[in-house]
>>> print(open('structure_16.txt').read())   # compact mmCIF, C-alpha atoms
# COMPACT_ATOMS: atom_id res chain seq x y z
CA MET A 1 0.00 0.00 0.00
CA THR A 2 3.04 2.24 -0.24
CA GLY A 3 2.39 5.53 -1.98
CA ARG A 4 -1.36 5.42 -1.52
CA GLY A 5 -3.20 8.08 0.43
CA ASP A 6 -5.95 7.48 2.93
CA ASP A 7 -8.47 8.69 0.36
CA ASP A 8 -7.53 6.04 -2.21
CA LEU A 9 -10.89 4.31 -2.64
CA PRO A 10 -10.49 1.22 -4.87
CA THR A 11 -12.57 1.07 -8.05
CA SER A 12 -14.16 -1.91 -9.75
CA GLN A 13 -11.44 -1.65 -12.40
CA ASP A 14 -8.80 -2.02 -9.69
CA ILE A 15 -10.52 -5.11 -8.37
CA GLU A 16 -11.09 -6.64 -11.80
CA SER A 17 -7.33 -6.58 -12.34
CA CYS A 18 -6.70 -8.45 -9.06
CA ARG A 19 -5.20 -11.94 -9.44
CA ARG A 20 -4.53 -12.79 -5.78
CA CYS A 21 -7.03 -15.67 -5.79
CA PRO A 22 -8.77 -17.72 -8.53
CA LEU A 23 -12.26 -16.22 -8.12
CA TRP A 24 -11.62 -13.64 -10.86
CA GLU A 25 -11.43 -16.40 -13.47
CA ARG A 26 -15.18 -17.08 -13.48
CA ALA A 27 -16.48 -13.69 -12.38
CA THR A 28 -18.12 -11.22 -14.74
CA HIS A 29 -17.10 -8.16 -12.72
CA GLY A 30 -15.06 -7.25 -9.71
CA VAL A 31 -17.45 -5.46 -7.37
CA ALA A 32 -16.14 -2.52 -5.36
CA GLY A 33 -18.05 -0.84 -2.58
CA ALA A 34 -20.50 1.98 -3.29
CA GLY A 35 -22.20 4.73 -1.36
CA ALA A 36 -21.47 8.02 0.35
CA ARG A 37 -17.74 8.77 0.36
CA ARG A 38 -17.84 10.00 3.96
CA ALA A 39 -20.62 7.74 5.21
CA ARG A 40 -21.07 7.45 8.95
CA ILE A 41 -21.73 3.71 8.63
CA LEU A 42 -19.93 1.13 6.49
CA CYS A 43 -21.79 -2.16 5.98
CA VAL A 44 -19.72 -5.20 5.02
CA GLY A 45 -21.39 -8.25 3.51
CA GLU A 46 -19.92 -11.55 2.38
CA GLN A 47 -19.47 -11.37 -1.40
CA PRO A 48 -21.30 -10.29 -4.58
CA GLY A 49 -24.16 -12.53 -5.62
CA ASP A 50 -25.30 -13.42 -9.13
CA GLU A 51 -26.99 -10.07 -9.82
CA GLU A 52 -24.14 -8.09 -8.26
CA ASP A 53 -21.63 -9.96 -10.43
CA LEU A 54 -23.61 -9.22 -13.59
CA GLN A 55 -24.21 -5.55 -12.78
CA GLY A 56 -20.91 -4.78 -11.07
CA GLN A 57 -22.64 -3.13 -8.09
CA PRO A 58 -23.00 -4.30 -4.46
CA PHE A 59 -26.33 -5.31 -2.94
CA VAL A 60 -28.53 -4.99 -6.04
CA GLY A 61 -29.96 -8.52 -5.85
CA PRO A 62 -32.62 -10.05 -3.57
CA ALA A 63 -30.50 -9.78 -0.39
CA GLY A 64 -29.76 -6.17 -1.28
CA LYS A 65 -33.48 -5.42 -1.40
CA VAL A 66 -33.88 -6.86 2.08
CA LEU A 67 -30.94 -4.78 3.32
CA ARG A 68 -32.25 -1.55 1.81
CA ARG A 69 -35.66 -2.18 3.36
CA ALA A 70 -33.98 -2.76 6.73
CA LEU A 71 -31.88 0.40 6.38
CA GLY A 72 -35.02 2.41 5.72
CA ALA A 73 -36.81 0.83 8.67
CA ALA A 74 -33.82 1.74 10.86
CA GLY A 75 -34.11 5.39 9.84
CA LEU A 76 -30.96 5.44 7.71
CA ARG A 77 -30.71 7.42 4.47
CA PRO A 78 -28.52 6.46 1.47
CA GLY A 79 -26.07 9.21 2.38
CA ASP A 80 -25.49 7.61 5.79
CA VAL A 81 -24.15 4.30 4.46
CA PHE A 82 -21.37 2.83 2.34
CA LEU A 83 -22.02 -0.76 1.16
CA THR A 84 -19.30 -3.27 0.37
CA ASN A 85 -18.31 -6.93 0.72
CA ALA A 86 -15.44 -8.79 2.34
CA VAL A 87 -14.83 -10.69 -0.92
CA LYS A 88 -15.02 -8.77 -4.19
CA HIS A 89 -15.62 -11.52 -6.78
CA PHE A 90 -18.58 -13.92 -6.96
CA SER A 91 -17.79 -17.41 -5.63
CA TRP A 92 -20.17 -19.87 -7.28
CA GLU A 93 -20.67 -23.38 -8.56
CA PRO A 94 -22.84 -24.47 -11.51
CA ARG A 95 -26.16 -26.22 -10.99
CA GLY A 96 -27.74 -26.78 -14.35
CA ARG A 97 -27.93 -23.36 -15.97
CA ARG A 98 -27.84 -21.56 -12.63
CA ARG A 99 -24.87 -20.16 -10.74
CA ILE A 100 -25.25 -21.11 -7.09
CA HIS A 101 -23.55 -19.15 -4.30
CA LYS A 102 -20.57 -20.90 -2.72
CA THR A 103 -19.22 -19.58 0.59
CA PRO A 104 -15.80 -18.07 -0.10
CA GLY A 105 -12.82 -19.67 1.61
CA GLN A 106 -10.19 -18.09 3.81
CA ARG A 107 -7.85 -17.66 0.84
CA ALA A 108 -10.34 -15.37 -0.91
CA ILE A 109 -11.02 -13.43 2.30
CA ALA A 110 -7.29 -12.89 2.81
CA ALA A 111 -6.76 -11.96 -0.84
CA CYS A 112 -9.44 -9.26 -0.64
CA HIS A 113 -8.35 -7.93 2.74
CA GLU A 114 -6.36 -5.05 1.27
CA TRP A 115 -9.37 -3.86 -0.75
CA LEU A 116 -11.59 -3.84 2.33
CA GLU A 117 -8.98 -2.06 4.43
CA ARG A 118 -8.55 0.60 1.75
CA GLU A 119 -12.30 1.19 1.67
CA ILE A 120 -12.43 1.57 5.45
CA ALA A 121 -9.45 3.98 5.38
CA ALA A 122 -11.00 6.06 2.60
CA VAL A 123 -14.56 6.26 3.98
CA ARG A 124 -13.53 6.61 7.64
CA PRO A 125 -16.85 5.44 9.06
CA ARG A 126 -17.81 5.93 12.67
CA VAL A 127 -19.34 2.44 12.81
CA ILE A 128 -18.77 -0.73 10.76
CA VAL A 129 -21.63 -3.23 10.48
CA ALA A 130 -20.55 -6.82 9.83
CA LEU A 131 -23.34 -8.55 7.93
CA GLY A 132 -22.84 -12.24 8.64
CA SER A 133 -19.99 -14.50 9.69
CA THR A 134 -17.72 -14.01 6.66
CA ALA A 135 -17.70 -10.25 7.16
CA LEU A 136 -17.11 -10.65 10.90
CA ARG A 137 -14.18 -12.98 10.22
CA ALA A 138 -12.72 -10.61 7.62
CA LEU A 139 -12.92 -7.66 10.02
CA LEU A 140 -11.93 -9.22 13.35
CA GLY A 141 -10.45 -12.64 12.62
CA PRO A 142 -11.75 -16.18 13.24
CA GLY A 143 -13.49 -17.39 16.34
CA LEU A 144 -16.40 -14.95 16.59
CA LYS A 145 -19.97 -16.03 15.87
CA VAL A 146 -22.72 -13.64 14.86
CA GLY A 147 -25.28 -14.84 17.37
CA GLU A 148 -22.85 -14.43 20.27
CA SER A 149 -21.41 -11.13 19.01
CA ARG A 150 -24.59 -9.23 18.11
CA LEU A 151 -25.11 -7.47 21.39
CA ARG A 152 -21.47 -6.90 22.29
CA ASP A 153 -20.32 -3.29 22.43
CA ASP A 154 -16.57 -3.98 22.70
CA LEU A 155 -15.85 -5.09 19.13
CA LEU A 156 -13.22 -2.86 17.52
CA HIS A 157 -11.66 -2.91 14.07
CA ALA A 158 -7.91 -2.25 13.80
CA SER A 159 -8.77 1.36 12.89
CA ASP A 160 -10.38 1.73 16.36
CA THR A 161 -13.78 1.88 14.67
CA ARG A 162 -16.63 0.21 16.55
CA VAL A 163 -18.04 -2.91 14.93
CA ILE A 164 -21.60 -4.20 15.19
CA ALA A 165 -22.26 -7.81 14.20
CA THR A 166 -25.62 -8.75 12.72
CA TRP A 167 -27.27 -11.23 10.41
CA HIS A 168 -26.68 -11.09 6.68
CA PRO A 169 -29.91 -10.17 4.86
CA SER A 170 -29.71 -13.47 2.98
CA ALA A 171 -30.32 -15.19 6.33
CA VAL A 172 -33.68 -13.43 6.42
CA GLN A 173 -34.48 -14.83 2.98
CA ARG A 174 -33.45 -18.36 3.94
CA ALA A 175 -35.56 -18.49 7.12
CA ILE A 176 -37.84 -21.49 7.19
CA ASP A 177 -41.11 -19.67 7.82
CA GLU A 178 -42.66 -16.23 7.98
CA ALA A 179 -42.31 -15.96 11.76
CA SER A 180 -38.59 -16.72 11.57
CA ARG A 181 -38.14 -14.23 8.73
CA ALA A 182 -39.90 -11.54 10.74
CA GLU A 183 -37.73 -12.27 13.79
CA LEU A 184 -34.47 -12.11 11.84
CA PHE A 185 -35.53 -8.99 9.96
CA GLY A 186 -36.45 -7.33 13.26
CA ALA A 187 -33.02 -8.21 14.68
CA LEU A 188 -31.30 -6.79 11.58
CA VAL A 189 -33.28 -3.54 11.86
CA ALA A 190 -32.53 -3.27 15.59
CA ASP A 191 -28.80 -3.72 14.97
CA LEU A 192 -28.85 -1.08 12.22
CA GLN A 193 -30.69 1.27 14.57
CA ARG A 194 -27.93 0.71 17.11
CA ALA A 195 -25.36 1.52 14.42
CA ARG A 196 -27.25 4.73 13.62
CA GLU A 197 -27.26 5.74 17.29
CA TRP A 198 -23.57 4.99 17.76
CA SER A 199 -22.63 6.84 14.57
CA SER A 200 -24.37 9.98 15.84
CA ARG A 201 -22.42 10.20 19.09
>>> encode(input="structure_16.txt", output="structure tokens")
Amino acid sequence: MTGRGDDDLPTSQDIESCRRCPLWERATHGVAGAGARRARILCVGEQPGDEEDLQGQPFVGPAGKVLRRALGAAGLRPGDVFLTNAVKHFSWEPRGRRRIHKTPGQRAIAACHEWLEREIAAVRPRVIVALGSTALRALLGPGLKVGESRLRDDLLHASDTRVIATWHPSAVQRAIDEASRAELFGALVADLQRAREWSSR
């Protein structure tokens, strides 16, 4: 990272040229983060999905719709948030004609770590929201689980930025019934509300 300033926000073109792990070989686009350059809150998900890979933008697929609905319910405006992922290329496996999400491995998380750190340094958020276990691992290392970390207020990124752990919006989609979906969505909204409150202090 020598020679780069703190404001050096990586672009999708930067990420598309990355060859640190094999995921680029089957991806359509490298997907950089997007949102307000000086957002108070930076949300980190797992990786681009099928729609994100095709469009080259984060959180534009079904999980993104859930997240945007939750952000609105938490009283957050687009200018309050920067959206990104721990892994910048789509990890997938074929199933017939469909491309099915495959959880990225530690190699991909480590390969993308510099991109995520550059985004955090450029945006300088007051609060980072880890959406799911992959994001939590990328930000704070292995060993933490979302369920156990959600209500902790002592999680700190290396930049001394407070971290809130919550469920990935795809977990809301995968819930087995409407009651479970409502419970998980309510937890996601509550955690985003907490991020909003912390970011205003």
>>> atom_distance(input="structure_16.txt", atom1="CA of Val87 in chain A", atom2="CA of Gln47 in chain A")
4.7 Å
>>> residues_around(input="structure_16.txt", residues="Asn85 in chain A", least_positions_apart="2", cutoff="9 Å", atoms="all atoms listed in the file", output="mmCIF file with C-alpha atoms, in the coordinates of the input")
data_model
loop_
_atom_site.group_PDB
_atom_site.id
_atom_site.type_symbol
_atom_site.label_atom_id
_atom_site.label_comp_id
_atom_site.auth_asym_id
_atom_site.auth_seq_id
_atom_site.Cartn_x
_atom_site.Cartn_y
_atom_site.Cartn_z
ATOM 1 C CA VAL A 31 -17.450 -5.460 -7.370
ATOM 2 C CA ALA A 32 -16.140 -2.520 -5.360
ATOM 3 C CA GLY A 33 -18.050 -0.840 -2.580
ATOM 4 C CA CYS A 43 -21.790 -2.160 5.980
ATOM 5 C CA VAL A 44 -19.720 -5.200 5.020
ATOM 6 C CA GLY A 45 -21.390 -8.250 3.510
ATOM 7 C CA GLU A 46 -19.920 -11.550 2.380
ATOM 8 C CA GLN A 47 -19.470 -11.370 -1.400
ATOM 9 C CA PRO A 48 -21.300 -10.290 -4.580
ATOM 10 C CA PRO A 58 -23.000 -4.300 -4.460
ATOM 11 C CA PHE A 59 -26.330 -5.310 -2.940
ATOM 12 C CA LEU A 83 -22.020 -0.760 1.160
ATOM 13 C CA VAL A 87 -14.830 -10.690 -0.920
ATOM 14 C CA LYS A 88 -15.020 -8.770 -4.190
ATOM 15 C CA LEU A 116 -11.590 -3.840 2.330
ATOM 16 C CA LEU A 131 -23.340 -8.550 7.930
ATOM 17 C CA ALA A 135 -17.700 -10.250 7.160
#
>>> residues_around(input="structure_16.txt", residues="range 38-41 of chain A", least_positions_apart="3", cutoff="12 Å", atoms="all atoms listed in the file", output="MDAnalysis selection string")
chainID A and resid 7 9 33:35 44 71 76:84 119:130 161:164 192:201
>>> write_last_selection(input="structure_16.txt", atoms="C-alpha atoms", output="short mmCIF file (atom, residue, chain, number, x, y, z; two decimals), keeping the file's coordinate frame")
data_model
loop_
_atom_site.label_atom_id
_atom_site.label_comp_id
_atom_site.auth_asym_id
_atom_site.auth_seq_id
_atom_site.Cartn_x
_atom_site.Cartn_y
_atom_site.Cartn_z
CA ASP A 7 -8.47 8.69 0.36
CA LEU A 9 -10.89 4.31 -2.64
CA GLY A 33 -18.05 -0.84 -2.58
CA ALA A 34 -20.50 1.98 -3.29
CA GLY A 35 -22.20 4.73 -1.36
CA VAL A 44 -19.72 -5.20 5.02
CA LEU A 71 -31.88 0.40 6.38
CA LEU A 76 -30.96 5.44 7.71
CA ARG A 77 -30.71 7.42 4.47
CA PRO A 78 -28.52 6.46 1.47
CA GLY A 79 -26.07 9.21 2.38
CA ASP A 80 -25.49 7.61 5.79
CA VAL A 81 -24.15 4.30 4.46
CA PHE A 82 -21.37 2.83 2.34
CA LEU A 83 -22.02 -0.76 1.16
CA THR A 84 -19.30 -3.27 0.37
CA GLU A 119 -12.30 1.19 1.67
CA ILE A 120 -12.43 1.57 5.45
CA ALA A 121 -9.45 3.98 5.38
CA ALA A 122 -11.00 6.06 2.60
CA VAL A 123 -14.56 6.26 3.98
CA ARG A 124 -13.53 6.61 7.64
CA PRO A 125 -16.85 5.44 9.06
CA ARG A 126 -17.81 5.93 12.67
CA VAL A 127 -19.34 2.44 12.81
CA ILE A 128 -18.77 -0.73 10.76
CA VAL A 129 -21.63 -3.23 10.48
CA ALA A 130 -20.55 -6.82 9.83
CA THR A 161 -13.78 1.88 14.67
CA ARG A 162 -16.63 0.21 16.55
CA VAL A 163 -18.04 -2.91 14.93
CA ILE A 164 -21.60 -4.20 15.19
CA LEU A 192 -28.85 -1.08 12.22
CA GLN A 193 -30.69 1.27 14.57
CA ARG A 194 -27.93 0.71 17.11
CA ALA A 195 -25.36 1.52 14.42
CA ARG A 196 -27.25 4.73 13.62
CA GLU A 197 -27.26 5.74 17.29
CA TRP A 198 -23.57 4.99 17.76
CA SER A 199 -22.63 6.84 14.57
CA SER A 200 -24.37 9.98 15.84
CA ARG A 201 -22.42 10.20 19.09
#
>>> atom_distance(input="structure_16.txt", atom1="CA of Gly56 in chain A", atom2="CA of His89 in chain A")
9.6 Å
>>> closest_residue(input="structure_16.txt", among="A:Ile15, A:Ala165, A:Ala187, A:Leu54", to="Arg99 in chain A", atoms="all atoms listed in the file")
A:Leu54
>>> atom_distance(input="structure_16.txt", atom1="CA of Trp24 in chain A", atom2="CA of Glu117 in chain A")
19.4 Å
>>> closest_residue(input="structure_16.txt", among="A:Asp160, A:Asp53, A:Asp14, A:Glu148", to="Cys112 in chain A", atoms="only C-alpha atoms")
A:Asp14
>>> residues_around(input="structure_16.txt", residues="Ala138 in chain A", least_positions_apart="4", cutoff="8 Å", atoms="all atoms listed in the file", output="PDB file with C-alpha atoms, in the frame of the given file")
ATOM      1  CA  ALA A  86     -15.440  -8.790   2.340  1.00  0.00           C
ATOM      2  CA  ILE A 109     -11.020 -13.430   2.300  1.00  0.00           C
ATOM      3  CA  ALA A 110      -7.290 -12.890   2.810  1.00  0.00           C
ATOM      4  CA  HIS A 113      -8.350  -7.930   2.740  1.00  0.00           C
ATOM      5  CA  THR A 134     -17.720 -14.010   6.660  1.00  0.00           C
ATOM      6  CA  PRO A 142     -11.750 -16.180  13.240  1.00  0.00           C
TER       7      PRO A 142
END
>>> residues_around(input="structure_16.txt", residues="Arg69 in chain A", least_positions_apart="4", cutoff="10 Å", atoms="all atoms listed in the file", output="list in words")
Ala63, Gly64, Lys65, Ala73, Ala74, Leu76, Pro169, Phe185 and Val189 of chain A
>>> closest_residue(input="structure_16.txt", among="A:Leu67, A:Cys21, A:Leu144, A:Phe90", to="Glu52 in chain A", atoms="all atoms listed in the file")
A:Phe90
>>> closest_residue(input="structure_16.txt", among="A:Ala179, A:Ala36, A:Val66, A:Ala27", to="Gly49 in chain A", atoms="only C-alpha atoms")
A:Ala27
